[in-house]
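> Here you go, one structure.
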2 protein chains.
Amino acid sequence: MPKPAAPEIMLRTLLRQVPYLTETDVGNFTALWQRRVGLGRGDFLIQAGQVEHNLYFVGSGLLRIYYPTQAEEICVGFGYANNLLCSFPSFVANRPSDYCIQALRRCELLALTRADFQQFVESNERFARFWRAELERVLVGRIEREIDLLLPEPERRLDRLLKRSPHIFQLVPKKYIASYLRMTPETLSRLR
Amino acid sequence: MPKPAAPEIMLRTLLRQVPYLTETDVGNFTALWQRRVGLGRGDFLIQAGQVEHNLYFVGSGLLRIYYPTQAEEICVGFGYANNLLCSFPSFVANRPSDYCIQALRRCELLALTRADFQQFVESNERFARFWRAELERVLVGRIEREIDLLLPEPERRLDRLLKRSPHIFQLVPKKYIASYLRMTPETLSRLR
DNA sequence: GCTAACTCTTGATTTCAATCAAGGTTTGCC
DNA sequence: GGCAAACCTTGATTGAAATCAAGAGTTAGC
């Protein structure tokens with residue numbers, strides 16, 4: 001296996017794929033991601049009630065985003081290597097998070113503050129366009145995910161996830177996938 | 001009851017609330033909404049398989065957005081007066097819609113083509129900011145809706161909708177609300 | 001205003017996923 | 001490498017919501 005590239009390199013490489021961002025844009029933006037965050041298994045990136053002040057880039061590791069209720073913890077998403085991650089409603093509205101984000105294994109992240117991020121978006125028209133496209137992409141993903149959750153049959157929900165994100169079955173412990181699919185680990189196990 | 005204002009007036013009035021849009025921005029934008037669409041009860045604004053070329057503004061009436069499956073029609077949202085409406089994934093990605101949008105009663109809409117819309121967003125930085133803020137707002141709404149759907153108890157799902165959107169219980173036939181809440185009309189009825 | 005279609009409610013029964021329980025396996029950590 | 005904790009699977013039972021069914025109430029359209 002190749003040694004994973006440093007997260008900064010990977011972030012820069014990914015941004016260079018965006019055709020309308022200039023090399024200067026990419027350089028200026030990646031320069032803002034100064035803070036490195038390391039997490040061990042079980043550590044929290046954010047707990048419910050805290051305000052999310054940062055956007056993160058996952059260099060390596062795996063995290064889960066969950067909504068804690070009195071009865072249970074409902075898994076609503078995962079953080080993978082080479083993806084952005086934050087408690088989004090808290091980040092954009094600057095209000096306490098309803099969600100917890102927890103490392104499921106050792107993780108390495110880069111962090112960028114909301115203030116730096118917002119200032120950059122406001123000051124760079126091309127980057128604003130990039131962010132708009134990202135928002136649209138994520139929103140479309142959420143809308144598709146809504147269908148997954150509305151299907152009454154556990155089997156159809158599983159089918160859709162298998163089609164859309166087969167890789168998570170290799171990465172993520174089944175019990176979290178079960179929660180994400182709104183079923184018990186037993187039900188998921190029996191469907192396989 | 002006051003006679004409802006013409007949809008153009010209402011659209012203009014709403015946009016004027018946005019502090020960073022100038023009067024000229026508002027005027028230029030509303031001028032693009034030329035086409036009026038009238039629908040009768042049961043008519044379709046779009047059917048699954050068609051590509052959504054328009055963004056709509058609902059002047060009056062009520063519509064449902066649903067995902068048709070072989071077994072059933074799953075309701076994923078509603079269109080109300082004074083709101084924007086479209087089959088979003090189809091509209092932004094220019095691909096066939098997975099959804100149908102149907103009038104539940106007589107409706108009056110304004111339409112704007114994707115081309116006109118995109119061109120305006122690209123050409124007006126203030127408006128691009130407005131659209132970005134809209135995307136963030138809608139995305140946060142979707143994320144909250146996801147929790148609603150993940151709650152295993154029908155009662156808790158109903159509770160959350162009652163808190164978030166009590167008005168829909170006055171506007172929308174219960175059977176569609178039941179589908180939206182992932183339960184049968186019988187279950188919804190018994191919970192009340 | 002009348003009629004027909006649609007809607008909502010209530011009751012009886014069935015079904016399927018949750019729960020409870022236990023054994024075997026894998027993973028993480030010292 | 002070995003131990004402990006976490007994880008996955010399988011089986012038996014339970015329970016809550018779906019389904020089936022019927023009747024009352026409401027709405028839309030002529």
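Here's how to read the names in the structure tokens: chain A, B, ... by the order shown, residue numbers from 1 in each chain, ligand numbers from 1 in the order shown.
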Do a neighbour search on C:DC29 at 10 Å with only C-alpha atoms (C1' of nucleotides), toss out local chain neighbours closer than 3 positions, and write the hits as a ChimeraX atom specification.
/D:3-5
> Residues as selected, all heavy atoms, written as an mmCIF file, in the first residue's frame, can you do that?

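Contents of the output file part-v7.cif:
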data_model
loop_
_atom_site.group_PDB
_atom_site.id
_atom_site.type_symbol
_atom_site.label_atom_id
_atom_site.label_comp_id
_atom_site.auth_asym_id
_atom_site.auth_seq_id
_atom_site.Cartn_x
_atom_site.Cartn_y
_atom_site.Cartn_z
ATOM 1 P P DC D 3 -3.928 -15.116 27.559
ATOM 2 O OP1 DC D 3 -3.251 -15.750 28.693
ATOM 3 O OP2 DC D 3 -4.747 -15.907 26.607
ATOM 4 O "O5'" DC D 3 -4.833 -13.936 28.105
ATOM 5 C "C5'" DC D 3 -4.228 -12.715 28.551
ATOM 6 C "C4'" DC D 3 -5.174 -11.554 28.273
ATOM 7 O "O4'" DC D 3 -5.109 -11.172 26.888
ATOM 8 C "C3'" DC D 3 -6.640 -11.872 28.571
ATOM 9 O "O3'" DC D 3 -7.134 -10.917 29.490
ATOM 10 C "C2'" DC D 3 -7.340 -11.786 27.197
ATOM 11 C "C1'" DC D 3 -6.401 -10.853 26.422
ATOM 12 N N1 DC D 3 -6.393 -11.055 24.952
ATOM 13 C C2 DC D 3 -6.477 -9.920 24.111
ATOM 14 O O2 DC D 3 -6.581 -8.804 24.625
ATOM 15 N N3 DC D 3 -6.453 -10.091 22.764
ATOM 16 C C4 DC D 3 -6.354 -11.330 22.259
ATOM 17 N N4 DC D 3 -6.320 -11.450 20.938
ATOM 18 C C5 DC D 3 -6.279 -12.491 23.089
ATOM 19 C C6 DC D 3 -6.300 -12.303 24.416
ATOM 20 P P DA D 4 -8.607 -11.093 30.142
ATOM 21 O OP1 DA D 4 -8.469 -10.926 31.597
ATOM 22 O OP2 DA D 4 -9.263 -12.291 29.569
ATOM 23 O "O5'" DA D 4 -9.341 -9.814 29.563
ATOM 24 C "C5'" DA D 4 -8.634 -8.577 29.439
ATOM 25 C "C4'" DA D 4 -9.448 -7.634 28.582
ATOM 26 O "O4'" DA D 4 -9.273 -7.979 27.185
ATOM 27 C "C3'" DA D 4 -10.946 -7.698 28.846
ATOM 28 O "O3'" DA D 4 -11.456 -6.378 28.867
ATOM 29 C "C2'" DA D 4 -11.507 -8.515 27.690
ATOM 30 C "C1'" DA D 4 -10.528 -8.157 26.564
ATOM 31 N N9 DA D 4 -10.376 -9.205 25.555
ATOM 32 C C8 DA D 4 -10.378 -10.562 25.743
ATOM 33 N N7 DA D 4 -10.195 -11.257 24.639
ATOM 34 C C5 DA D 4 -10.059 -10.280 23.663
ATOM 35 C C6 DA D 4 -9.850 -10.344 22.274
ATOM 36 N N6 DA D 4 -9.728 -11.491 21.617
ATOM 37 N N1 DA D 4 -9.770 -9.176 21.592
ATOM 38 C C2 DA D 4 -9.889 -8.019 22.262
ATOM 39 N N3 DA D 4 -10.090 -7.842 23.568
ATOM 40 C C4 DA D 4 -10.167 -9.013 24.212
ATOM 41 P P DA D 5 -12.945 -6.051 29.330
ATOM 42 O OP1 DA D 5 -12.874 -5.176 30.506
ATOM 43 O OP2 DA D 5 -13.724 -7.308 29.360
ATOM 44 O "O5'" DA D 5 -13.440 -5.187 28.093
ATOM 45 C "C5'" DA D 5 -12.506 -4.339 27.413
ATOM 46 C "C4'" DA D 5 -12.967 -4.138 25.993
ATOM 47 O "O4'" DA D 5 -12.677 -5.319 25.212
ATOM 48 C "C3'" DA D 5 -14.463 -3.875 25.843
ATOM 49 O "O3'" DA D 5 -14.628 -2.681 25.107
ATOM 50 C "C2'" DA D 5 -15.004 -5.111 25.130
ATOM 51 C "C1'" DA D 5 -13.772 -5.611 24.377
ATOM 52 N N9 DA D 5 -13.747 -7.048 24.128
ATOM 53 C C8 DA D 5 -13.977 -8.064 25.013
ATOM 54 N N7 DA D 5 -13.878 -9.260 24.497
ATOM 55 C C5 DA D 5 -13.548 -9.022 23.173
ATOM 56 C C6 DA D 5 -13.296 -9.873 22.083
ATOM 57 N N6 DA D 5 -13.333 -11.199 22.168
ATOM 58 N N1 DA D 5 -12.990 -9.310 20.903
ATOM 59 C C2 DA D 5 -12.947 -7.976 20.810
ATOM 60 N N3 DA D 5 -13.172 -7.068 21.754
ATOM 61 C C4 DA D 5 -13.466 -7.659 22.925
#
> If DSSP is run on the backbone, what residues of stretch 15-98 of chain B are helix (DSSP H, G or I)? A reply as a PDB file with all heavy atoms, in the first residue's frame would be ideal.

ATOM      1  N   LEU B  15     -38.466  39.529  -2.311  1.00  0.00           N
ATOM      2  CA  LEU B  15     -37.062  39.772  -2.635  1.00  0.00           C
ATOM      3  C   LEU B  15     -36.570  41.084  -2.030  1.00  0.00           C
ATOM      4  O   LEU B  15     -35.391  41.219  -1.692  1.00  0.00           O
ATOM      5  CB  LEU B  15     -36.865  39.785  -4.154  1.00  0.00           C
ATOM      6  CG  LEU B  15     -36.930  38.398  -4.798  1.00  0.00           C
ATOM      7  CD1 LEU B  15     -36.999  38.516  -6.314  1.00  0.00           C
ATOM      8  CD2 LEU B  15     -35.730  37.548  -4.387  1.00  0.00           C
ATOM      9  N   ARG B  16     -37.481  42.015  -1.891  1.00  0.00           N
ATOM     10  CA  ARG B  16     -37.080  43.311  -1.290  1.00  0.00           C
ATOM     11  C   ARG B  16     -36.674  43.161   0.168  1.00  0.00           C
ATOM     12  O   ARG B  16     -36.026  44.046   0.728  1.00  0.00           O
ATOM     13  CB  ARG B  16     -38.227  44.308  -1.422  1.00  0.00           C
ATOM     14  CG  ARG B  16     -38.187  45.071  -2.746  1.00  0.00           C
ATOM     15  CD  ARG B  16     -38.909  46.401  -2.616  1.00  0.00           C
ATOM     16  NE  ARG B  16     -40.279  46.275  -3.096  1.00  0.00           N
ATOM     17  CZ  ARG B  16     -40.725  46.836  -4.234  1.00  0.00           C
ATOM     18  NH1 ARG B  16     -39.910  47.551  -4.978  1.00  0.00           N
ATOM     19  NH2 ARG B  16     -41.968  46.682  -4.599  1.00  0.00           N
ATOM     20  N   GLU B  23     -32.616  47.563  -5.474  1.00  0.00           N
ATOM     21  CA  GLU B  23     -33.905  47.660  -6.160  1.00  0.00           C
ATOM     22  C   GLU B  23     -33.767  47.237  -7.634  1.00  0.00           C
ATOM     23  O   GLU B  23     -34.650  46.587  -8.199  1.00  0.00           O
ATOM     24  CB  GLU B  23     -34.413  49.108  -6.055  1.00  0.00           C
ATOM     25  CG  GLU B  23     -35.825  49.320  -6.541  1.00  0.00           C
ATOM     26  CD  GLU B  23     -36.880  48.530  -5.757  1.00  0.00           C
ATOM     27  OE1 GLU B  23     -36.653  48.267  -4.549  1.00  0.00           O
ATOM     28  OE2 GLU B  23     -37.890  48.169  -6.362  1.00  0.00           O
ATOM     29  N   THR B  24     -32.628  47.579  -8.218  1.00  0.00           N
ATOM     30  CA  THR B  24     -32.371  47.180  -9.612  1.00  0.00           C
ATOM     31  C   THR B  24     -32.256  45.666  -9.749  1.00  0.00           C
ATOM     32  O   THR B  24     -32.803  45.065 -10.681  1.00  0.00           O
ATOM     33  CB  THR B  24     -31.067  47.834 -10.112  1.00  0.00           C
ATOM     34  OG1 THR B  24     -31.089  49.223  -9.769  1.00  0.00           O
ATOM     35  CG2 THR B  24     -30.928  47.685 -11.619  1.00  0.00           C
ATOM     36  N   ASP B  25     -31.541  45.042  -8.831  1.00  0.00           N
ATOM     37  CA  ASP B  25     -31.438  43.579  -8.840  1.00  0.00           C
ATOM     38  C   ASP B  25     -32.824  42.946  -8.832  1.00  0.00           C
ATOM     39  O   ASP B  25     -33.132  42.055  -9.629  1.00  0.00           O
ATOM     40  CB  ASP B  25     -30.685  43.082  -7.591  1.00  0.00           C
ATOM     41  CG  ASP B  25     -29.234  43.514  -7.548  1.00  0.00           C
ATOM     42  OD1 ASP B  25     -28.666  43.792  -8.623  1.00  0.00           O
ATOM     43  OD2 ASP B  25     -28.672  43.576  -6.435  1.00  0.00           O
ATOM     44  N   VAL B  26     -33.634  43.428  -7.909  1.00  0.00           N
ATOM     45  CA  VAL B  26     -34.978  42.852  -7.750  1.00  0.00           C
ATOM     46  C   VAL B  26     -35.776  43.038  -9.031  1.00  0.00           C
ATOM     47  O   VAL B  26     -36.433  42.112  -9.520  1.00  0.00           O
ATOM     48  CB  VAL B  26     -35.705  43.482  -6.543  1.00  0.00           C
ATOM     49  CG1 VAL B  26     -37.149  43.004  -6.475  1.00  0.00           C
ATOM     50  CG2 VAL B  26     -34.966  43.159  -5.246  1.00  0.00           C
ATOM     51  N   GLY B  27     -35.688  44.238  -9.579  1.00  0.00           N
ATOM     52  CA  GLY B  27     -36.429  44.521 -10.808  1.00  0.00           C
ATOM     53  C   GLY B  27     -35.966  43.656 -11.962  1.00  0.00           C
ATOM     54  O   GLY B  27     -36.776  43.052 -12.669  1.00  0.00           O
ATOM     55  N   ASN B  28     -34.650  43.565 -12.147  1.00  0.00           N
ATOM     56  CA  ASN B  28     -34.125  42.754 -13.251  1.00  0.00           C
ATOM     57  C   ASN B  28     -34.506  41.283 -13.106  1.00  0.00           C
ATOM     58  O   ASN B  28     -34.810  40.605 -14.090  1.00  0.00           O
ATOM     59  CB  ASN B  28     -32.597  42.869 -13.314  1.00  0.00           C
ATOM     60  CG  ASN B  28     -32.148  44.239 -13.786  1.00  0.00           C
ATOM     61  OD1 ASN B  28     -32.929  44.987 -14.387  1.00  0.00           O
ATOM     62  ND2 ASN B  28     -30.903  44.586 -13.490  1.00  0.00           N
ATOM     63  N   PHE B  29     -34.482  40.845 -11.885  1.00  0.00           N
ATOM     64  CA  PHE B  29     -34.775  39.426 -11.670  1.00  0.00           C
ATOM     65  C   PHE B  29     -36.260  39.129 -11.884  1.00  0.00           C
ATOM     66  O   PHE B  29     -36.619  38.195 -12.609  1.00  0.00           O
ATOM     67  CB  PHE B  29     -34.344  38.998 -10.268  1.00  0.00           C
ATOM     68  CG  PHE B  29     -34.530  37.536 -10.005  1.00  0.00           C
ATOM     69  CD1 PHE B  29     -33.815  36.586 -10.728  1.00  0.00           C
ATOM     70  CD2 PHE B  29     -35.417  37.092  -9.034  1.00  0.00           C
ATOM     71  CE1 PHE B  29     -33.986  35.228 -10.489  1.00  0.00           C
ATOM     72  CE2 PHE B  29     -35.589  35.732  -8.792  1.00  0.00           C
ATOM     73  CZ  PHE B  29     -34.875  34.808  -9.525  1.00  0.00           C
ATOM     74  N   THR B  30     -37.116  39.904 -11.285  1.00  0.00           N
ATOM     75  CA  THR B  30     -38.555  39.619 -11.421  1.00  0.00           C
ATOM     76  C   THR B  30     -38.994  39.757 -12.878  1.00  0.00           C
ATOM     77  O   THR B  30     -39.932  39.080 -13.301  1.00  0.00           O
ATOM     78  CB  THR B  30     -39.407  40.531 -10.525  1.00  0.00           C
ATOM     79  OG1 THR B  30     -39.036  41.886 -10.752  1.00  0.00           O
ATOM     80  CG2 THR B  30     -39.194  40.207  -9.063  1.00  0.00           C
ATOM     81  N   PHE B  88     -35.749  19.623  -7.846  1.00  0.00           N
ATOM     82  CA  PHE B  88     -34.436  20.231  -7.718  1.00  0.00           C
ATOM     83  C   PHE B  88     -33.300  19.444  -8.374  1.00  0.00           C
ATOM     84  O   PHE B  88     -32.520  20.029  -9.145  1.00  0.00           O
ATOM     85  CB  PHE B  88     -34.133  20.517  -6.238  1.00  0.00           C
ATOM     86  CG  PHE B  88     -32.881  21.299  -6.026  1.00  0.00           C
ATOM     87  CD1 PHE B  88     -32.869  22.678  -6.180  1.00  0.00           C
ATOM     88  CD2 PHE B  88     -31.696  20.652  -5.707  1.00  0.00           C
ATOM     89  CE1 PHE B  88     -31.700  23.407  -6.002  1.00  0.00           C
ATOM     90  CE2 PHE B  88     -30.524  21.383  -5.530  1.00  0.00           C
ATOM     91  CZ  PHE B  88     -30.534  22.750  -5.682  1.00  0.00           C
ATOM     92  N   PRO B  89     -33.163  18.158  -8.095  1.00  0.00           N
ATOM     93  CA  PRO B  89     -32.030  17.440  -8.712  1.00  0.00           C
ATOM     94  C   PRO B  89     -32.078  17.510 -10.233  1.00  0.00           C
ATOM     95  O   PRO B  89     -31.050  17.656 -10.884  1.00  0.00           O
ATOM     96  CB  PRO B  89     -32.214  16.000  -8.211  1.00  0.00           C
ATOM     97  CG  PRO B  89     -32.993  16.137  -6.946  1.00  0.00           C
ATOM     98  CD  PRO B  89     -33.927  17.279  -7.183  1.00  0.00           C
ATOM     99  N   SER B  90     -33.282  17.419 -10.777  1.00  0.00           N
ATOM    100  CA  SER B  90     -33.424  17.523 -12.225  1.00  0.00           C
ATOM    101  C   SER B  90     -33.065  18.922 -12.706  1.00  0.00           C
ATOM    102  O   SER B  90     -32.371  19.095 -13.716  1.00  0.00           O
ATOM    103  CB  SER B  90     -34.863  17.178 -12.615  1.00  0.00           C
ATOM    104  OG  SER B  90     -35.062  17.351 -13.990  1.00  0.00           O
ATOM    105  N   PHE B  91     -33.520  19.925 -11.987  1.00  0.00           N
ATOM    106  CA  PHE B  91     -33.281  21.314 -12.382  1.00  0.00           C
ATOM    107  C   PHE B  91     -31.795  21.650 -12.383  1.00  0.00           C
ATOM    108  O   PHE B  91     -31.281  22.222 -13.346  1.00  0.00           O
ATOM    109  CB  PHE B  91     -34.037  22.249 -11.435  1.00  0.00           C
ATOM    110  CG  PHE B  91     -33.852  23.710 -11.724  1.00  0.00           C
ATOM    111  CD1 PHE B  91     -34.486  24.312 -12.811  1.00  0.00           C
ATOM    112  CD2 PHE B  91     -33.062  24.500 -10.907  1.00  0.00           C
ATOM    113  CE1 PHE B  91     -34.329  25.666 -13.083  1.00  0.00           C
ATOM    114  CE2 PHE B  91     -32.899  25.855 -11.172  1.00  0.00           C
ATOM    115  CZ  PHE B  91     -33.526  26.433 -12.260  1.00  0.00           C
ATOM    116  N   VAL B  92     -31.081  21.279 -11.333  1.00  0.00           N
ATOM    117  CA  VAL B  92     -29.670  21.683 -11.260  1.00  0.00           C
ATOM    118  C   VAL B  92     -28.776  20.817 -12.138  1.00  0.00           C
ATOM    119  O   VAL B  92     -27.771  21.296 -12.654  1.00  0.00           O
ATOM    120  CB  VAL B  92     -29.105  21.699  -9.812  1.00  0.00           C
ATOM    121  CG1 VAL B  92     -29.889  22.639  -8.941  1.00  0.00           C
ATOM    122  CG2 VAL B  92     -29.027  20.317  -9.218  1.00  0.00           C
ATOM    123  N   ALA B  93     -29.130  19.554 -12.317  1.00  0.00           N
ATOM    124  CA  ALA B  93     -28.235  18.669 -13.073  1.00  0.00           C
ATOM    125  C   ALA B  93     -28.712  18.448 -14.506  1.00  0.00           C
ATOM    126  O   ALA B  93     -28.048  17.732 -15.259  1.00  0.00           O
ATOM    127  CB  ALA B  93     -28.074  17.335 -12.347  1.00  0.00           C
TER     128      ALA B  93
END
> Residues near A:Leu11, anyone? I mean within 8 Å using only C-alpha atoms (C1' of nucleotides), not counting same-chain ones fewer than 2 positions away, as a PyMOL selection string.
chain A and resi 7-9+13-15+30+57+82
> Could you save those same residues with all heavy atoms as a PDB file, in the first residue's frame?

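File result_10.pdb, as written:
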ATOM      1  N   PRO A   7      -2.359  15.421   4.268  1.00  0.00           N
ATOM      2  CA  PRO A   7      -3.679  15.954   3.936  1.00  0.00           C
ATOM      3  C   PRO A   7      -3.623  17.235   3.116  1.00  0.00           C
ATOM      4  O   PRO A   7      -4.448  17.416   2.210  1.00  0.00           O
ATOM      5  CB  PRO A   7      -4.336  16.199   5.299  1.00  0.00           C
ATOM      6  CG  PRO A   7      -3.388  15.750   6.341  1.00  0.00           C
ATOM      7  CD  PRO A   7      -2.222  15.107   5.698  1.00  0.00           C
ATOM      8  N   GLU A   8      -2.651  18.101   3.372  1.00  0.00           N
ATOM      9  CA  GLU A   8      -2.555  19.355   2.611  1.00  0.00           C
ATOM     10  C   GLU A   8      -2.384  19.077   1.118  1.00  0.00           C
ATOM     11  O   GLU A   8      -2.979  19.742   0.277  1.00  0.00           O
ATOM     12  CB  GLU A   8      -1.369  20.202   3.078  1.00  0.00           C
ATOM     13  CG  GLU A   8      -1.514  20.834   4.445  1.00  0.00           C
ATOM     14  CD  GLU A   8      -1.023  19.920   5.552  1.00  0.00           C
ATOM     15  OE1 GLU A   8      -0.846  18.704   5.282  1.00  0.00           O
ATOM     16  OE2 GLU A   8      -0.842  20.413   6.676  1.00  0.00           O
ATOM     17  N   ILE A   9      -1.545  18.089   0.812  1.00  0.00           N
ATOM     18  CA  ILE A   9      -1.288  17.744  -0.586  1.00  0.00           C
ATOM     19  C   ILE A   9      -2.566  17.267  -1.251  1.00  0.00           C
ATOM     20  O   ILE A   9      -2.909  17.651  -2.374  1.00  0.00           O
ATOM     21  CB  ILE A   9      -0.224  16.618  -0.684  1.00  0.00           C
ATOM     22  CG1 ILE A   9       1.026  16.955   0.116  1.00  0.00           C
ATOM     23  CG2 ILE A   9       0.095  16.325  -2.150  1.00  0.00           C
ATOM     24  CD1 ILE A   9       1.819  18.077  -0.453  1.00  0.00           C
ATOM     25  N   THR A  13      -4.607  18.873  -4.291  1.00  0.00           N
ATOM     26  CA  THR A  13      -4.817  18.078  -5.506  1.00  0.00           C
ATOM     27  C   THR A  13      -6.289  18.062  -5.902  1.00  0.00           C
ATOM     28  O   THR A  13      -6.646  18.217  -7.076  1.00  0.00           O
ATOM     29  CB  THR A  13      -4.334  16.641  -5.278  1.00  0.00           C
ATOM     30  OG1 THR A  13      -2.973  16.683  -4.854  1.00  0.00           O
ATOM     31  CG2 THR A  13      -4.452  15.821  -6.552  1.00  0.00           C
ATOM     32  N   LEU A  14      -7.152  17.901  -4.906  1.00  0.00           N
ATOM     33  CA  LEU A  14      -8.581  17.843  -5.202  1.00  0.00           C
ATOM     34  C   LEU A  14      -9.081  19.172  -5.750  1.00  0.00           C
ATOM     35  O   LEU A  14      -9.870  19.218  -6.707  1.00  0.00           O
ATOM     36  CB  LEU A  14      -9.368  17.463  -3.942  1.00  0.00           C
ATOM     37  CG  LEU A  14      -9.167  16.015  -3.488  1.00  0.00           C
ATOM     38  CD1 LEU A  14      -9.798  15.782  -2.114  1.00  0.00           C
ATOM     39  CD2 LEU A  14      -9.769  15.061  -4.515  1.00  0.00           C
ATOM     40  N   LEU A  15      -8.635  20.266  -5.158  1.00  0.00           N
ATOM     41  CA  LEU A  15      -9.119  21.575  -5.592  1.00  0.00           C
ATOM     42  C   LEU A  15      -8.634  21.897  -7.008  1.00  0.00           C
ATOM     43  O   LEU A  15      -9.307  22.610  -7.753  1.00  0.00           O
ATOM     44  CB  LEU A  15      -8.663  22.666  -4.616  1.00  0.00           C
ATOM     45  CG  LEU A  15      -9.418  22.665  -3.288  1.00  0.00           C
ATOM     46  CD1 LEU A  15      -8.733  23.572  -2.277  1.00  0.00           C
ATOM     47  CD2 LEU A  15     -10.873  23.089  -3.482  1.00  0.00           C
ATOM     48  N   THR A  30      -5.788  26.870   0.366  1.00  0.00           N
ATOM     49  CA  THR A  30      -5.175  25.813   1.176  1.00  0.00           C
ATOM     50  C   THR A  30      -4.284  26.399   2.269  1.00  0.00           C
ATOM     51  O   THR A  30      -4.112  25.792   3.325  1.00  0.00           O
ATOM     52  CB  THR A  30      -4.357  24.841   0.297  1.00  0.00           C
ATOM     53  OG1 THR A  30      -3.465  25.589  -0.514  1.00  0.00           O
ATOM     54  CG2 THR A  30      -5.269  24.031  -0.595  1.00  0.00           C
ATOM     55  N   PHE A  57     -11.271  19.014   7.041  1.00  0.00           N
ATOM     56  CA  PHE A  57     -10.941  18.138   5.917  1.00  0.00           C
ATOM     57  C   PHE A  57     -10.345  16.871   6.507  1.00  0.00           C
ATOM     58  O   PHE A  57      -9.379  16.930   7.281  1.00  0.00           O
ATOM     59  CB  PHE A  57      -9.932  18.822   4.979  1.00  0.00           C
ATOM     60  CG  PHE A  57      -9.505  17.956   3.821  1.00  0.00           C
ATOM     61  CD1 PHE A  57     -10.353  17.757   2.747  1.00  0.00           C
ATOM     62  CD2 PHE A  57      -8.247  17.353   3.813  1.00  0.00           C
ATOM     63  CE1 PHE A  57      -9.959  16.959   1.674  1.00  0.00           C
ATOM     64  CE2 PHE A  57      -7.844  16.560   2.741  1.00  0.00           C
ATOM     65  CZ  PHE A  57      -8.711  16.369   1.669  1.00  0.00           C
ATOM     66  N   ASN A  82     -10.361  12.398   2.688  1.00  0.00           N
ATOM     67  CA  ASN A  82     -10.462  13.261   1.502  1.00  0.00           C
ATOM     68  C   ASN A  82     -11.833  13.895   1.313  1.00  0.00           C
ATOM     69  O   ASN A  82     -12.215  14.240   0.199  1.00  0.00           O
ATOM     70  CB  ASN A  82     -10.069  12.504   0.218  1.00  0.00           C
ATOM     71  CG  ASN A  82      -8.693  11.915   0.321  1.00  0.00           C
ATOM     72  OD1 ASN A  82      -7.808  12.506   0.945  1.00  0.00           O
ATOM     73  ND2 ASN A  82      -8.503  10.746  -0.242  1.00  0.00           N
TER      74      ASN A  82
END
> What separation in Å, quoted to one decimal, exists between atom CA of B:Leu112 and atom CA of B:Arg95?
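According to the coordinates, atom CA of B:Leu112 and atom CA of B:Arg95 are separated by 17.3 Å.
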> As a PDB file with N, CA, C and O atoms (P, O5', C5', C4', C3', O3' and C1' of nucleotides), in the first residue's frame, could you give me every residue of chain D near chain B (at most 10 Å apart, counting only C-alpha atoms (C1' of nucleotides))?

ATOM      1  P    DA D  16     -46.143  -2.233  21.610  1.00  0.00           P
ATOM      2  O5'  DA D  16     -45.780  -1.207  20.466  1.00  0.00           O
ATOM      3  C5'  DA D  16     -44.543  -1.346  19.760  1.00  0.00           C
ATOM      4  C4'  DA D  16     -44.800  -1.169  18.286  1.00  0.00           C
ATOM      5  C3'  DA D  16     -45.880  -0.138  17.947  1.00  0.00           C
ATOM      6  O3'  DA D  16     -45.472   0.535  16.790  1.00  0.00           O
ATOM      7  C1'  DA D  16     -46.471  -2.209  17.029  1.00  0.00           C
ATOM      8  P    DA D  17     -46.078   1.975  16.474  1.00  0.00           P
ATOM      9  O5'  DA D  17     -46.352   1.897  14.923  1.00  0.00           O
ATOM     10  C5'  DA D  17     -45.321   1.391  14.075  1.00  0.00           C
ATOM     11  C4'  DA D  17     -45.929   0.649  12.925  1.00  0.00           C
ATOM     12  C3'  DA D  17     -46.969   1.432  12.117  1.00  0.00           C
ATOM     13  O3'  DA D  17     -46.640   1.317  10.756  1.00  0.00           O
ATOM     14  C1'  DA D  17     -47.835  -0.683  12.710  1.00  0.00           C
ATOM     15  P    DA D  18     -47.477   1.872   9.548  1.00  0.00           P
ATOM     16  O5'  DA D  18     -47.921   0.550   8.790  1.00  0.00           O
ATOM     17  C5'  DA D  18     -46.911  -0.394   8.434  1.00  0.00           C
ATOM     18  C4'  DA D  18     -47.529  -1.560   7.698  1.00  0.00           C
ATOM     19  C3'  DA D  18     -48.481  -1.171   6.582  1.00  0.00           C
ATOM     20  O3'  DA D  18     -48.261  -2.032   5.467  1.00  0.00           O
ATOM     21  C1'  DA D  18     -49.668  -2.406   8.243  1.00  0.00           C
ATOM     22  P    DT D  19     -49.109  -1.841   4.124  1.00  0.00           P
ATOM     23  O5'  DT D  19     -50.364  -2.791   4.312  1.00  0.00           O
ATOM     24  C5'  DT D  19     -50.148  -4.180   4.596  1.00  0.00           C
ATOM     25  C4'  DT D  19     -51.469  -4.837   4.924  1.00  0.00           C
ATOM     26  C3'  DT D  19     -52.587  -4.614   3.900  1.00  0.00           C
ATOM     27  O3'  DT D  19     -53.008  -5.891   3.455  1.00  0.00           O
ATOM     28  C1'  DT D  19     -53.362  -4.299   6.107  1.00  0.00           C
ATOM     29  P    DA D  28     -62.556  21.308  -1.927  1.00  0.00           P
ATOM     30  O5'  DA D  28     -63.072  20.749  -3.318  1.00  0.00           O
ATOM     31  C5'  DA D  28     -62.690  19.427  -3.698  1.00  0.00           C
ATOM     32  C4'  DA D  28     -63.326  19.073  -5.018  1.00  0.00           C
ATOM     33  C3'  DA D  28     -63.424  20.231  -6.006  1.00  0.00           C
ATOM     34  O3'  DA D  28     -63.149  19.708  -7.286  1.00  0.00           O
ATOM     35  C1'  DA D  28     -65.598  19.425  -5.520  1.00  0.00           C
TER      36       DA D  28
END
> Distance limit 9 Å, atoms considered: only C-alpha atoms (C1' of nucleotides). Which chain C residues sit that close to chain B? Return them as a PyMOL selection string.
chain C and resi 7-10
